[in-house]
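**Student:** I am sharing model_2.cif, which consists of mmCIF, C-alpha atoms and all ligand atoms; chains and numbers go by the auth columns:
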```cif
data_my_file
loop_
_atom_site.group_PDB
_atom_site.id
_atom_site.type_symbol
_atom_site.label_atom_id
_atom_site.label_comp_id
_atom_site.label_asym_id
_atom_site.label_seq_id
_atom_site.Cartn_x
_atom_site.Cartn_y
_atom_site.Cartn_z
_atom_site.B_iso_or_equiv
_atom_site.auth_seq_id
_atom_site.auth_asym_id
ATOM 1 C CA MET A 1 113.224 123.344 114.717 0.00 1 W
ATOM 2 C CA GLN A 2 115.358 126.425 114.337 0.00 2 W
ATOM 3 C CA ASN A 3 115.121 129.345 116.725 0.00 3 W
ATOM 4 C CA PRO A 4 113.524 132.235 114.779 0.00 4 W
ATOM 5 C CA CYS A 5 114.752 134.927 117.238 0.00 5 W
ATOM 6 C CA MET A 6 118.417 134.369 116.537 0.00 6 W
ATOM 7 C CA GLY A 7 120.087 132.108 113.979 0.00 7 W
ATOM 8 C CA ALA A 8 123.621 132.004 112.570 0.00 8 W
ATOM 9 C CA THR A 9 122.874 134.809 110.115 0.00 9 W
ATOM 10 C CA GLN A 10 119.383 136.118 110.948 0.00 10 W
ATOM 11 C CA SER A 11 117.635 137.606 113.953 0.00 11 W
ATOM 12 C CA CYS A 12 114.238 139.069 114.739 0.00 12 W
ATOM 13 C CA SER A 13 113.707 141.791 117.444 0.00 13 W
ATOM 14 C CA ALA A 14 110.097 142.361 116.310 0.00 14 W
ATOM 15 C CA CYS A 15 108.865 141.916 119.900 0.00 15 W
ATOM 16 C CA CYS A 16 111.168 144.810 120.940 0.00 16 W
ATOM 17 C CA GLY A 17 109.136 147.069 118.621 0.00 17 W
ATOM 18 C CA LEU A 18 111.442 147.114 115.595 0.00 18 W
ATOM 19 C CA PHE A 19 108.596 147.445 113.080 0.00 19 W
ATOM 20 C CA ASN A 20 106.700 150.000 115.090 0.00 20 W
ATOM 21 C CA LEU A 21 109.301 152.590 114.135 0.00 21 W
ATOM 22 C CA LYS A 22 108.184 154.700 111.154 0.00 22 W
ATOM 23 C CA GLY A 23 110.409 154.862 108.111 0.00 23 W
ATOM 24 C CA SER A 24 112.211 152.784 105.540 0.00 24 W
ATOM 25 C CA ASP A 25 114.444 149.832 106.310 0.00 25 W
ATOM 26 C CA ASP A 26 117.494 152.028 105.608 0.00 26 W
ATOM 27 C CA GLU A 27 116.274 154.446 108.272 0.00 27 W
ATOM 28 C CA ARG A 28 115.592 151.515 110.600 0.00 28 W
ATOM 29 C CA ARG A 29 119.148 150.267 110.033 0.00 29 W
ATOM 30 C CA ASP A 30 120.538 153.751 110.754 0.00 30 W
ATOM 31 C CA TRP A 31 118.529 153.936 113.989 0.00 31 W
ATOM 32 C CA ILE A 32 119.885 150.558 115.131 0.00 32 W
ATOM 33 C CA ARG A 33 123.435 151.593 114.191 0.00 33 W
ATOM 34 C CA ARG A 34 123.111 154.783 116.182 0.00 34 W
ATOM 35 C CA ASN A 35 121.703 152.942 119.230 0.00 35 W
ATOM 36 C CA THR A 36 124.646 150.560 119.004 0.00 36 W
ATOM 37 C CA GLU A 37 127.379 153.125 118.500 0.00 37 W
ATOM 38 C CA GLU A 38 126.125 155.378 121.260 0.00 38 W
ATOM 39 C CA PHE A 39 125.619 152.514 123.710 0.00 39 W
ATOM 40 C CA LEU A 40 129.018 150.980 123.005 0.00 40 W
ATOM 41 C CA SER A 41 130.693 154.325 123.591 0.00 41 W
ATOM 42 C CA LEU A 42 129.297 154.544 127.153 0.00 42 W
ATOM 43 C CA ASP A 43 131.078 153.694 130.364 0.00 43 W
ATOM 44 C CA ILE A 44 128.281 151.502 131.719 0.00 44 W
ATOM 45 C CA SER A 45 129.935 150.985 135.072 0.00 45 W
ATOM 46 C CA LEU A 46 127.921 154.119 135.920 0.00 46 W
ATOM 47 C CA ALA A 47 124.172 153.439 136.079 0.00 47 W
ATOM 48 C CA ALA A 48 123.445 157.089 135.264 0.00 48 W
ATOM 49 C CA ASN A 49 125.021 156.645 131.822 0.00 49 W
ATOM 50 C CA ILE A 50 122.612 153.829 130.958 0.00 50 W
ATOM 51 C CA VAL A 51 119.632 155.727 132.370 0.00 51 W
ATOM 52 C CA ASN A 52 120.534 158.854 130.385 0.00 52 W
ATOM 53 C CA PHE A 53 121.077 156.818 127.211 0.00 53 W
ATOM 54 C CA ARG A 54 117.602 155.373 127.576 0.00 54 W
ATOM 55 C CA LYS A 55 116.060 158.818 128.189 0.00 55 W
ATOM 56 C CA GLU A 56 117.803 160.418 125.236 0.00 56 W
ATOM 57 C CA ARG A 57 117.171 157.608 122.764 0.00 57 W
ATOM 58 C CA GLU A 58 113.542 157.279 123.887 0.00 58 W
ATOM 59 C CA ALA A 59 113.074 161.023 123.298 0.00 59 W
ATOM 60 C CA ALA A 60 114.388 160.537 119.751 0.00 60 W
ATOM 61 C CA THR A 61 112.472 157.305 119.156 0.00 61 W
ATOM 62 C CA LEU A 62 109.040 157.367 120.726 0.00 62 W
ATOM 63 C CA PRO A 63 107.611 160.288 118.683 0.00 63 W
ATOM 64 C CA HIS A 64 108.174 158.131 115.570 0.00 64 W
ATOM 65 C CA ARG A 65 106.034 155.166 116.530 0.00 65 W
ATOM 66 C CA VAL A 66 103.466 153.841 114.063 0.00 66 W
ATOM 67 C CA ARG A 67 101.205 152.713 116.902 0.00 67 W
ATOM 68 C CA GLU A 68 101.182 154.607 120.198 0.00 68 W
ATOM 69 C CA ASP A 69 100.291 151.496 122.176 0.00 69 W
ATOM 70 C CA ILE A 70 103.435 149.545 121.216 0.00 70 W
ATOM 71 C CA TYR A 71 106.774 150.428 122.779 0.00 71 W
ATOM 72 C CA VAL A 72 109.920 150.741 120.637 0.00 72 W
ATOM 73 C CA CYS A 73 112.968 149.864 122.717 0.00 73 W
ATOM 74 C CA PRO A 74 116.115 151.937 122.134 0.00 74 W
ATOM 75 C CA PHE A 75 118.258 149.051 123.383 0.00 75 W
ATOM 76 C CA VAL A 76 117.742 147.251 120.057 0.00 76 W
ATOM 77 C CA GLY A 77 121.192 147.171 118.502 0.00 77 W
ATOM 78 C CA PHE A 78 123.489 145.228 116.242 0.00 78 W
ATOM 79 C CA VAL A 79 125.032 142.399 118.235 0.00 79 W
ATOM 80 C CA ASP A 80 127.355 141.603 115.308 0.00 80 W
ATOM 81 C CA SER A 81 127.809 142.800 111.739 0.00 81 W
ATOM 82 C CA GLN A 82 124.281 141.913 110.618 0.00 82 W
ATOM 83 C CA ARG A 83 122.173 140.521 113.442 0.00 83 W
ATOM 84 C CA THR A 84 119.980 142.698 115.623 0.00 84 W
ATOM 85 C CA GLY A 85 119.556 141.937 119.305 0.00 85 W
ATOM 86 C CA CYS A 86 119.497 143.313 122.811 0.00 86 W
ATOM 87 C CA LEU A 87 122.269 145.671 123.882 0.00 87 W
ATOM 88 C CA LEU A 88 121.396 144.862 127.500 0.00 88 W
ATOM 89 C CA HIS A 89 121.313 141.093 127.160 0.00 89 W
ATOM 90 C CA PRO A 90 123.447 139.616 129.960 0.00 90 W
ATOM 91 C CA GLN A 91 125.186 137.186 127.578 0.00 91 W
ATOM 92 C CA GLY A 92 124.474 138.542 124.089 0.00 92 W
ATOM 93 C CA SER A 93 125.323 142.235 124.477 0.00 93 W
ATOM 94 C CA PRO A 94 128.444 143.342 122.580 0.00 94 W
ATOM 95 C CA HIS A 95 129.286 145.837 125.357 0.00 95 W
ATOM 96 C CA PRO A 96 132.468 144.656 127.096 0.00 96 W
ATOM 97 C CA GLN A 97 131.271 145.919 130.507 0.00 97 W
ATOM 98 C CA ILE A 98 127.857 144.197 130.472 0.00 98 W
ATOM 99 C CA GLY A 99 129.101 141.594 132.975 0.00 99 W
ATOM 100 C CA LEU A 100 129.372 144.317 135.620 0.00 100 W
ATOM 101 C CA TRP A 101 125.610 144.132 136.034 0.00 101 W
ATOM 102 C CA ALA A 102 123.818 141.001 137.271 0.00 102 W
ATOM 103 C CA HIS A 103 120.483 142.087 135.713 0.00 103 W
ATOM 104 C CA PRO A 104 121.228 144.673 133.022 0.00 104 W
ATOM 105 C CA GLN A 105 117.817 144.395 131.319 0.00 105 W
ATOM 106 C CA ASN A 106 116.280 145.961 134.416 0.00 106 W
ATOM 107 C CA PHE A 107 117.426 149.265 132.925 0.00 107 W
ATOM 108 C CA SER A 108 114.846 148.761 130.181 0.00 108 W
ATOM 109 C CA PHE A 109 111.168 149.660 130.004 0.00 109 W
ATOM 110 C CA TYR A 110 109.953 146.065 130.284 0.00 110 W
ATOM 111 C CA GLY A 111 112.582 144.826 132.737 0.00 111 W
ATOM 112 C CA GLU A 112 114.377 141.525 132.861 0.00 112 W
ATOM 113 C CA GLY A 113 111.334 139.541 134.007 0.00 113 W
ATOM 114 C CA ILE A 114 109.630 140.197 130.657 0.00 114 W
ATOM 115 C CA CYS A 115 112.644 140.578 128.365 0.00 115 W
ATOM 116 C CA LEU A 116 114.226 137.259 129.291 0.00 116 W
ATOM 117 C CA SER A 117 111.102 135.166 129.702 0.00 117 W
ATOM 118 C CA TYR A 118 108.906 136.348 126.803 0.00 118 W
ATOM 119 C CA ASP A 119 108.557 133.663 124.195 0.00 119 W
ATOM 120 C CA CYS A 120 107.336 134.638 120.757 0.00 120 W
ATOM 121 C CA LEU A 121 103.923 133.142 119.986 0.00 121 W
ATOM 122 C CA ALA A 122 105.157 131.795 116.668 0.00 122 W
ATOM 123 C CA LYS A 123 108.292 130.234 118.128 0.00 123 W
ATOM 124 C CA GLU A 124 106.445 128.823 121.118 0.00 124 W
ATOM 125 C CA ARG A 125 104.100 126.944 118.787 0.00 125 W
ATOM 126 C CA ARG A 126 106.958 125.478 116.719 0.00 126 W
ATOM 127 C CA VAL A 127 104.968 125.813 113.516 0.00 127 W
ATOM 128 C CA TYR A 128 107.521 127.056 110.959 0.00 128 W
ATOM 129 C CA ARG A 129 107.795 125.239 107.651 0.00 129 W
ATOM 130 C CA ALA A 130 111.264 124.211 106.495 0.00 130 W
ATOM 131 C CA ASP A 131 111.014 126.325 103.328 0.00 131 W
ATOM 132 C CA PHE A 132 110.591 129.460 105.434 0.00 132 W
ATOM 133 C CA PHE A 133 114.138 129.154 106.797 0.00 133 W
ATOM 134 C CA LEU A 134 115.509 128.361 103.324 0.00 134 W
ATOM 135 C CA TRP A 135 113.839 131.530 102.019 0.00 135 W
ATOM 136 C CA ALA A 136 115.211 133.488 105.013 0.00 136 W
ATOM 137 C CA GLU A 137 118.808 132.712 104.022 0.00 137 W
ATOM 138 C CA LYS A 138 118.371 134.879 100.909 0.00 138 W
ATOM 139 C CA VAL A 139 116.578 137.950 102.295 0.00 139 W
ATOM 140 C CA SER A 140 117.352 140.941 104.509 0.00 140 W
ATOM 141 C CA VAL A 141 117.280 140.612 108.278 0.00 141 W
ATOM 142 C CA PHE A 142 114.246 142.897 108.321 0.00 142 W
ATOM 143 C CA ASP A 143 112.185 140.915 105.798 0.00 143 W
ATOM 144 C CA TYR A 144 112.977 137.750 107.714 0.00 144 W
ATOM 145 C CA ALA A 145 111.898 139.328 111.013 0.00 145 W
ATOM 146 C CA ARG A 146 108.684 140.744 109.526 0.00 146 W
ATOM 147 C CA LEU A 147 107.468 137.288 108.664 0.00 147 W
ATOM 148 C CA ALA A 148 109.135 135.289 111.466 0.00 148 W
ATOM 149 C CA SER A 149 107.076 137.226 114.009 0.00 149 W
ATOM 150 C CA ASP A 150 103.741 136.659 112.229 0.00 150 W
ATOM 151 C CA HIS A 151 102.327 133.792 114.249 0.00 151 W
ATOM 152 C CA THR A 152 98.986 133.732 112.445 0.00 152 W
ATOM 153 C CA LEU A 153 100.738 133.247 109.118 0.00 153 W
ATOM 154 C CA HIS A 154 102.838 130.317 110.329 0.00 154 W
ATOM 155 C CA ARG A 155 100.082 128.632 112.314 0.00 155 W
ATOM 156 C CA ALA A 156 97.732 128.814 109.339 0.00 156 W
ATOM 157 C CA LEU A 157 100.313 127.532 106.827 0.00 157 W
ATOM 158 C CA ALA A 158 101.264 124.638 109.091 0.00 158 W
ATOM 159 C CA ALA A 159 97.639 123.516 109.299 0.00 159 W
ATOM 160 C CA LEU A 160 96.863 123.733 105.573 0.00 160 W
ATOM 161 C CA PRO A 161 97.153 120.499 103.593 0.00 161 W
ATOM 162 C CA ASP A 162 98.517 120.112 100.066 0.00 162 W
ATOM 163 C CA LEU A 163 100.534 123.321 99.800 0.00 163 W
ATOM 164 C CA PRO A 164 103.583 123.410 97.503 0.00 164 W
ATOM 165 C CA ARG A 165 106.861 122.563 99.254 0.00 165 W
ATOM 166 C CA ASP A 166 108.368 125.900 98.250 0.00 166 W
ATOM 167 C CA LEU A 167 106.423 129.071 99.091 0.00 167 W
ATOM 168 C CA SER A 168 109.346 131.439 98.557 0.00 168 W
ATOM 169 C CA ARG A 169 107.516 133.616 95.999 0.00 169 W
ATOM 170 C CA PHE A 170 104.632 134.004 98.406 0.00 170 W
ATOM 171 C CA TYR A 171 106.936 134.884 101.324 0.00 171 W
ATOM 172 C CA SER A 172 108.790 137.455 99.208 0.00 172 W
ATOM 173 C CA LEU A 173 105.600 139.142 98.047 0.00 173 W
ATOM 174 C CA LEU A 174 104.175 139.224 101.565 0.00 174 W
ATOM 175 C CA ALA A 175 107.388 140.722 103.001 0.00 175 W
ATOM 176 C CA ASP A 176 107.367 143.341 100.182 0.00 176 W
ATOM 177 C CA LEU A 177 103.790 144.294 100.978 0.00 177 W
ATOM 178 C CA TYR A 178 104.409 144.464 104.737 0.00 178 W
ATOM 179 C CA ARG A 179 107.455 146.678 104.086 0.00 179 W
ATOM 180 C CA GLN A 180 105.711 148.975 101.587 0.00 180 W
ATOM 181 C CA ARG A 181 102.573 149.425 103.699 0.00 181 W
ATOM 182 C CA GLY A 182 104.327 149.685 107.087 0.00 182 W
ATOM 183 C CA VAL A 183 102.547 146.700 108.639 0.00 183 W
ATOM 184 C CA VAL A 184 103.563 146.358 112.297 0.00 184 W
ATOM 185 C CA THR A 185 104.328 142.819 113.423 0.00 185 W
ATOM 186 C CA THR A 186 105.373 142.244 117.027 0.00 186 W
ATOM 187 C CA SER A 187 104.697 138.512 117.609 0.00 187 W
ATOM 188 C CA PHE A 188 102.249 139.353 120.392 0.00 188 W
ATOM 189 C CA GLU A 189 99.252 140.419 118.338 0.00 189 W
ATOM 190 C CA ASP A 190 96.015 138.827 119.465 0.00 190 W
ATOM 191 C CA VAL A 191 95.698 135.165 118.677 0.00 191 W
ATOM 192 C CA GLU A 192 92.804 134.712 116.300 0.00 192 W
ATOM 193 C CA LYS A 193 90.123 132.452 117.699 0.00 193 W
ATOM 194 C CA SER A 194 89.854 130.592 114.410 0.00 194 W
ATOM 195 C CA LEU A 195 92.517 130.328 111.750 0.00 195 W
ATOM 196 C CA PRO A 196 91.867 130.713 108.002 0.00 196 W
ATOM 197 C CA GLU A 197 91.053 127.218 106.755 0.00 197 W
ATOM 198 C CA THR A 198 92.049 127.573 103.112 0.00 198 W
ATOM 199 C CA PHE A 199 94.947 129.253 101.358 0.00 199 W
ATOM 200 C CA ALA A 200 92.518 131.716 99.745 0.00 200 W
ATOM 201 C CA ALA A 201 91.083 132.586 103.167 0.00 201 W
ATOM 202 C CA LEU A 202 94.596 133.132 104.545 0.00 202 W
ATOM 203 C CA CYS A 203 95.397 135.465 101.601 0.00 203 W
ATOM 204 C CA ASP A 204 92.199 137.360 102.281 0.00 204 W
ATOM 205 C CA PHE A 205 93.059 137.687 105.996 0.00 205 W
ATOM 206 C CA LEU A 206 96.578 138.948 105.222 0.00 206 W
ATOM 207 C CA ALA A 207 95.321 141.335 102.526 0.00 207 W
ATOM 208 C CA ARG A 208 92.882 142.936 104.990 0.00 208 W
ATOM 209 C CA ARG A 209 95.697 143.412 107.472 0.00 209 W
ATOM 210 C CA ILE A 210 97.876 145.049 104.791 0.00 210 W
ATOM 211 C CA ASP A 211 95.249 147.378 103.352 0.00 211 W
ATOM 212 C CA ALA A 212 91.550 146.739 103.926 0.00 212 W
ATOM 213 C CA SER A 213 90.542 149.194 101.187 0.00 213 W
ATOM 214 C CA HIS A 214 92.359 147.166 98.498 0.00 214 W
ATOM 215 C CA ALA A 215 91.959 143.743 100.070 0.00 215 W
ATOM 216 C CA GLU A 216 90.402 141.980 97.102 0.00 216 W
ATOM 217 C CA LYS A 217 93.230 142.823 94.671 0.00 217 W
ATOM 218 C CA LEU A 218 95.948 142.142 97.248 0.00 218 W
ATOM 219 C CA ALA A 219 94.440 138.772 98.132 0.00 219 W
ATOM 220 C CA GLU A 220 94.425 137.804 94.430 0.00 220 W
ATOM 221 C CA LYS A 221 98.109 138.773 94.113 0.00 221 W
ATOM 222 C CA LEU A 222 99.060 136.776 97.192 0.00 222 W
ATOM 223 C CA ALA A 223 97.101 133.735 96.027 0.00 223 W
ATOM 224 C CA ALA A 224 98.803 133.909 92.614 0.00 224 W
ATOM 225 C CA ALA A 225 102.235 133.816 94.298 0.00 225 W
ATOM 226 C CA MET A 226 101.584 130.436 95.880 0.00 226 W
ATOM 227 C CA GLY A 227 103.482 128.279 93.414 0.00 227 W
HETATM 228 S S1 LIG B . 115.715 145.519 126.728 0.00 301 W
HETATM 229 FE FE1 LIG B . 114.053 144.050 126.324 0.00 301 W
HETATM 230 S S2 LIG B . 112.690 145.110 124.841 0.00 301 W
HETATM 231 FE FE2 LIG B . 114.701 146.179 124.868 0.00 301 W
HETATM 232 S S3 LIG B . 115.912 145.266 123.197 0.00 301 W
HETATM 233 FE FE3 LIG B . 116.395 144.169 125.111 0.00 301 W
HETATM 234 S S4 LIG B . 114.982 142.380 125.095 0.00 301 W
HETATM 235 FE FE4 LIG B . 114.181 143.898 123.643 0.00 301 W
#
```
I need this file expressed as structure tokens, please.
Ligand code: SF4

**Tutor:**
Amino acid sequence: MQNPCMGATQSCSACCGLFNLKGSDDERRDWIRRNTEEFLSLDISLAANIVNFRKEREAATLPHRVREDIYVCPFVGFVDSQRTGCLLHPQGSPHPQIGLWAHPQNFSFYGEGICLSYDCLAKERRVYRADFFLWAEKVSVFDYARLASDHTLHRALAALPDLPRDLSRFYSLLADLYRQRGVVTTSFEDVEKSLPETFAALCDFLARRIDASHAEKLAEKLAAAMG
């Protein structure tokens, strides 16, 4: 089973609040670039520089949350040319001075205890279908992350019998709809007590999450994209 948080070419960061930032994916990319450039330009041997970075980037970030109850972490950055990740990660940060700190994620809102130990509900359950990762190779890092973090989607698909082997049209449509309607996925949404038991019921569940006032039409579109 592949790791959905970080692969050779894709990464997620949904649990760090990536999709709770208002705006288009281009604006999201610009925000991550700016976090990265500003953080990499700091001398982080001085704790005050990291603390001030957090204060300043939070002031620019937090007023633009979709949901007030979900934090958006300004330490989300680009850890290479295309993958997002944690600028404070003790091994994964691209900052050359990160090794000066034994526990750099303690500069963040959640702290190292949560940042290092949190395991995405979808990943923890190891429920991804193989075609999901094949689809992910052809899409943007953001579309991949939108769906990778949706544990209800993957748990339901894994339990449904007799689905086509290739659901790429369905994944693409769902990612489009999540992007267009600003659906926030974090990977820690409540676990539903009972999962949709048919593909039609799953489409209905997803459609209500996307836009309850147009759920019937959206569910039909999603169902039609199955094969
Ligand atoms: S500090 Fe924690 S919440 Fe922030 S980007 Fe790193 S892992 Fe995510």

**Student:** Given all atoms listed in the file, how would the per-residue table for chain W near ligand LIG 301 (chain W) read, listing every residue at most 6 Å away with its closest atom pair and distance in Å to one decimal, sorted by chain and number, as CSV?

**Tutor:**
```
residue,atom,partner,partner_atom,distance
W:Cys16,CA,W:LIG301,FE4,4.1
W:Cys73,CA,W:LIG301,FE2,4.6
W:Phe75,CA,W:LIG301,S3,4.5
W:Val76,CA,W:LIG301,S3,4.1
W:Cys86,CA,W:LIG301,FE3,4.0
W:Leu88,CA,W:LIG301,FE3,5.6
W:Gln105,CA,W:LIG301,S1,5.2
W:Ser108,CA,W:LIG301,S1,4.8
W:Cys115,CA,W:LIG301,FE1,4.3
```

**Student:** Residues of segment 69-161 of chain W that have any atom at most 10 Å from an atom of segment 165-177 of chain W: could you tabulate them with the shortest-distance atom pair and the distance in Å to one decimal, using only C-alpha atoms, ordered by chain and increasing number, as a tab-separated table?

**Tutor:**
```
residue	atom	partner	partner_atom	distance
W:Arg129	CA	W:Arg165	CA	8.9
W:Ala130	CA	W:Arg165	CA	8.6
W:Asp131	CA	W:Asp166	CA	5.7
W:Phe132	CA	W:Ser168	CA	7.3
W:Phe133	CA	W:Ser168	CA	9.8
W:Leu134	CA	W:Ser168	CA	8.4
W:Trp135	CA	W:Ser168	CA	5.7
W:Ala136	CA	W:Ser168	CA	9.0
W:Lys138	CA	W:Ser168	CA	9.9
W:Val139	CA	W:Ser172	CA	8.4
W:Phe142	CA	W:Ala175	CA	8.9
W:Asp143	CA	W:Ala175	CA	5.6
W:Tyr144	CA	W:Ala175	CA	7.9
W:Ala145	CA	W:Ala175	CA	9.3
W:Arg146	CA	W:Ala175	CA	6.7
W:Leu147	CA	W:Ala175	CA	6.6
W:Leu157	CA	W:Leu167	CA	10.0
```

**Student:** Taking the file as shown, what set of residues would the PyMOL selection byres (((chain W and resi 185-188) around 8) and not hetatm) give back, as JSON, numbers by chain?

**Tutor:** {"W": [14, 15, 16, 17, 18, 19, 20, 120, 121, 122, 146, 147, 149, 150, 151, 183, 184, 189, 190, 191]}

**Student:** Could you save those same residues with C-alpha atoms as a PDB file, in the frame of the given file?

**Tutor:**
```
ATOM      1  CA  ALA W  14     110.097 142.361 116.310  1.00  0.00           C
ATOM      2  CA  CYS W  15     108.865 141.916 119.900  1.00  0.00           C
ATOM      3  CA  CYS W  16     111.168 144.810 120.940  1.00  0.00           C
ATOM      4  CA  GLY W  17     109.136 147.069 118.621  1.00  0.00           C
ATOM      5  CA  LEU W  18     111.442 147.114 115.595  1.00  0.00           C
ATOM      6  CA  PHE W  19     108.596 147.445 113.080  1.00  0.00           C
ATOM      7  CA  ASN W  20     106.700 150.000 115.090  1.00  0.00           C
ATOM      8  CA  CYS W 120     107.336 134.638 120.757  1.00  0.00           C
ATOM      9  CA  LEU W 121     103.923 133.142 119.986  1.00  0.00           C
ATOM     10  CA  ALA W 122     105.157 131.795 116.668  1.00  0.00           C
ATOM     11  CA  ARG W 146     108.684 140.744 109.526  1.00  0.00           C
ATOM     12  CA  LEU W 147     107.468 137.288 108.664  1.00  0.00           C
ATOM     13  CA  SER W 149     107.076 137.226 114.009  1.00  0.00           C
ATOM     14  CA  ASP W 150     103.741 136.659 112.229  1.00  0.00           C
ATOM     15  CA  HIS W 151     102.327 133.792 114.249  1.00  0.00           C
ATOM     16  CA  VAL W 183     102.547 146.700 108.639  1.00  0.00           C
ATOM     17  CA  VAL W 184     103.563 146.358 112.297  1.00  0.00           C
ATOM     18  CA  GLU W 189      99.252 140.419 118.338  1.00  0.00           C
ATOM     19  CA  ASP W 190      96.015 138.827 119.465  1.00  0.00           C
ATOM     20  CA  VAL W 191      95.698 135.165 118.677  1.00  0.00           C
TER      21      VAL W 191
END
```

**Student:** Please provide the set of residues having any atom within 7 Å of segment 209-220 of chain W, restricted to only C-alpha atoms, with same-chain residues fewer than 6 positions apart removed, written as a PyMOL selection string.

**Tutor:** chain W and resi 178+181+183+203

**Student:** Of the candidates W:Leu87, W:Val79, W:Cys12, W:Ile70, which shows the shortest atom-to-atom distance to Phe53 of chain W, using only C-alpha atoms?

**Tutor:**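 Result for the nearest residue to Phe53 of chain W: W:Leu87.
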
**Student:** Step by step, work through what the PyMOL selection byres (((chain W and resi 52) around 12) and not hetatm) selects in the shown file, and finish by giving those residues as a PDB file with C-alpha atoms, in the frame of the given file.

**Tutor:**
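part-v4.pdb, written as the output of this step:
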```pdb
ATOM      1  CA  GLU W  38     126.125 155.378 121.260  1.00  0.00           C
ATOM      2  CA  PHE W  39     125.619 152.514 123.710  1.00  0.00           C
ATOM      3  CA  LEU W  42     129.297 154.544 127.153  1.00  0.00           C
ATOM      4  CA  ASP W  43     131.078 153.694 130.364  1.00  0.00           C
ATOM      5  CA  ILE W  44     128.281 151.502 131.719  1.00  0.00           C
ATOM      6  CA  LEU W  46     127.921 154.119 135.920  1.00  0.00           C
ATOM      7  CA  ALA W  47     124.172 153.439 136.079  1.00  0.00           C
ATOM      8  CA  ALA W  48     123.445 157.089 135.264  1.00  0.00           C
ATOM      9  CA  ASN W  49     125.021 156.645 131.822  1.00  0.00           C
ATOM     10  CA  ILE W  50     122.612 153.829 130.958  1.00  0.00           C
ATOM     11  CA  VAL W  51     119.632 155.727 132.370  1.00  0.00           C
ATOM     12  CA  PHE W  53     121.077 156.818 127.211  1.00  0.00           C
ATOM     13  CA  ARG W  54     117.602 155.373 127.576  1.00  0.00           C
ATOM     14  CA  LYS W  55     116.060 158.818 128.189  1.00  0.00           C
ATOM     15  CA  GLU W  56     117.803 160.418 125.236  1.00  0.00           C
ATOM     16  CA  ARG W  57     117.171 157.608 122.764  1.00  0.00           C
ATOM     17  CA  GLU W  58     113.542 157.279 123.887  1.00  0.00           C
ATOM     18  CA  ALA W  59     113.074 161.023 123.298  1.00  0.00           C
ATOM     19  CA  PRO W  74     116.115 151.937 122.134  1.00  0.00           C
ATOM     20  CA  PHE W 107     117.426 149.265 132.925  1.00  0.00           C
ATOM     21  CA  SER W 108     114.846 148.761 130.181  1.00  0.00           C
TER      22      SER W 108
END
```

**Student:** Can you work out which one of W:Gln180, W:Leu202, W:Pro96, W:Gly77 has the shortest atom-to-atom distance to Glu37 of chain W, counting only C-alpha atoms?

**Tutor:**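 The closest residue to Glu37 of chain W is W:Gly77.
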
**Student:** Let me make sure I understand: among W:Ile32, W:Leu116, W:Ala224, W:Val72, which one has the smallest atom-to-atom distance to Gln91 of chain W if we use all atoms listed in the file?

**Tutor:**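 Of W:Ile32, W:Leu116, W:Ala224, W:Val72, the one nearest Gln91 of chain W is W:Leu116, counting all atoms listed in the file.
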
**Student:** Restore N, CA and C atoms in segment 72-83 of chain W and list the result as a CSV table (one decimal), in the frame of the given file.

**Tutor:**
```csv
chain,number,residue,atom,x,y,z
W,72,VAL,N,108.8,151.0,121.5
W,72,VAL,CA,109.9,150.7,120.6
W,72,VAL,C,111.2,150.9,121.5
W,73,CYS,N,111.9,149.8,121.7
W,73,CYS,CA,113.0,149.9,122.7
W,73,CYS,C,114.3,150.4,122.1
W,74,PRO,N,114.9,151.4,122.7
W,74,PRO,CA,116.1,151.9,122.1
W,74,PRO,C,117.3,151.1,122.5
W,75,PHE,N,117.1,150.0,123.1
W,75,PHE,CA,118.3,149.1,123.4
W,75,PHE,C,118.4,148.0,122.3
W,76,VAL,N,117.5,148.1,121.2
W,76,VAL,CA,117.7,147.3,120.1
W,76,VAL,C,119.0,147.7,119.4
W,77,GLY,N,119.9,146.8,119.1
W,77,GLY,CA,121.2,147.2,118.5
W,77,GLY,C,121.7,146.1,117.6
W,78,PHE,N,122.8,146.3,117.0
W,78,PHE,CA,123.5,145.2,116.2
W,78,PHE,C,124.4,144.5,117.2
W,79,VAL,N,124.2,143.2,117.3
W,79,VAL,CA,125.0,142.4,118.2
W,79,VAL,C,126.2,141.8,117.5
W,80,ASP,N,126.2,141.9,116.1
W,80,ASP,CA,127.4,141.6,115.3
W,80,ASP,C,127.1,142.3,114.0
W,81,SER,N,127.9,142.0,112.9
W,81,SER,CA,127.8,142.8,111.7
W,81,SER,C,126.4,142.9,111.1
W,82,GLN,N,125.6,141.9,111.3
W,82,GLN,CA,124.3,141.9,110.6
W,82,GLN,C,123.1,141.6,111.5
W,83,ARG,N,123.3,140.9,112.6
W,83,ARG,CA,122.2,140.5,113.4
W,83,ARG,C,121.8,141.6,114.5
```
